[in-house]
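So the structure is just underneath, and the comments pick up after that.
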Amino acid sequence: MGTVSSDEAFKMLSKESKAYVQGKAEDFRLAYNALHDIRLELGLTQNEVADTLNISQKNVSSFESRSDMKLSTLKSYLHALGGELIISAKFPSKDACIIESLSD
């Protein structure tokens with residue numbers, strides 16, 4: 001069997017599968033741009049954030065393009081932007097609660 005392009009493969013998916021893939025692609029796009037967008041909204045460059053964190057601009061770019069990272073990395077990045085990481089959890093039968101600590 002030969003290879004097919006991603007466009008051809010997408011055309012072969014069911015309607016439900018296409019919707020799922022498109023949703024995941026949108027989630028990834030939002031996650032990919034979220035940190036970048038926050039930094040730009042604050043008027044900061046990657047170089048300025050890198051200087052604050054004592055890392056290279058390339059590492060800042062890498063942080064901004066990750067879809068998954070350690071909470072400590074995210075906390076440091078947000079702190080360099082002048083922000084604070086706040087984690088909350090929402091349950092169907094309760095109001096959202098803020099998680100104060102992740103340690104035992």
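Residue numbering restarts at 1 in every chain; chains get A, B, ... in the order shown in the structure tokens, and ligands count up from 1 in that same order.
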Inset, instruction - Please report, as a PyMOL selection string, each residue of chain A to which DSSP assigns helix (DSSP H, G or I) when run on this structure's backbone. - result: chain A and resi 6-12+15-41+46-53+57-65+71-80
Contacts of Phe63 of chain A within 12 Å, only C-alpha atoms, excl. fewer than 6 positions in-chain, as an mmCIF file with C-alpha atoms, in the first residue's frame:
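New file out.cif:
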data_model
loop_
_atom_site.group_PDB
_atom_site.id
_atom_site.type_symbol
_atom_site.label_atom_id
_atom_site.label_comp_id
_atom_site.auth_asym_id
_atom_site.auth_seq_id
_atom_site.Cartn_x
_atom_site.Cartn_y
_atom_site.Cartn_z
ATOM 1 C CA ALA A 31 -2.374 26.059 23.880
ATOM 2 C CA TYR A 32 0.455 26.837 21.478
ATOM 3 C CA ASN A 33 -0.370 30.522 21.301
ATOM 4 C CA ALA A 34 -1.553 31.164 24.855
ATOM 5 C CA LEU A 35 1.812 31.996 26.461
ATOM 6 C CA HIS A 36 2.956 33.842 23.363
ATOM 7 C CA ARG A 39 3.650 37.927 26.578
ATOM 8 C CA GLN A 46 11.193 36.850 24.182
ATOM 9 C CA VAL A 49 11.695 37.274 29.299
ATOM 10 C CA ALA A 50 14.899 35.315 28.641
ATOM 11 C CA LEU A 53 14.858 34.003 33.577
ATOM 12 C CA ILE A 55 18.022 31.625 29.853
ATOM 13 C CA SER A 56 18.314 31.955 26.085
ATOM 14 C CA GLN A 57 15.649 33.440 23.828
ATOM 15 C CA MET A 69 5.374 21.418 30.550
ATOM 16 C CA LYS A 70 6.204 21.121 34.220
ATOM 17 C CA LEU A 71 4.211 23.358 36.526
ATOM 18 C CA SER A 72 7.468 24.752 37.921
ATOM 19 C CA THR A 73 8.492 25.848 34.415
ATOM 20 C CA LEU A 74 5.119 27.478 33.802
ATOM 21 C CA LYS A 75 5.275 29.169 37.218
ATOM 22 C CA SER A 76 8.747 30.585 36.476
ATOM 23 C CA TYR A 77 7.682 31.776 33.024
ATOM 24 C CA LEU A 78 4.565 33.522 34.359
#
Legend entry - Shortest interatomic distance to Asn54 of chain A - which of A:Asp95, A:Leu102, A:Ala80, A:Ile86, counting only C-alpha atoms: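 Among the listed residues, the smallest separation from Asn54 of chain A belongs to A:Ala80.
If you measure from each of A:Leu13, A:Ile99, A:Val21, A:Ile38 to Leu81 of chain A using only C-alpha atoms, the closest one turns out to be A:Ile38.
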Legend entry - Spatial neighbours of Ala9 of chain A, max dist 12 Å, only C-alpha atoms, sep filter under 5 positions, as a ChimeraX atom specification: /A:3-4,14,17-18,21
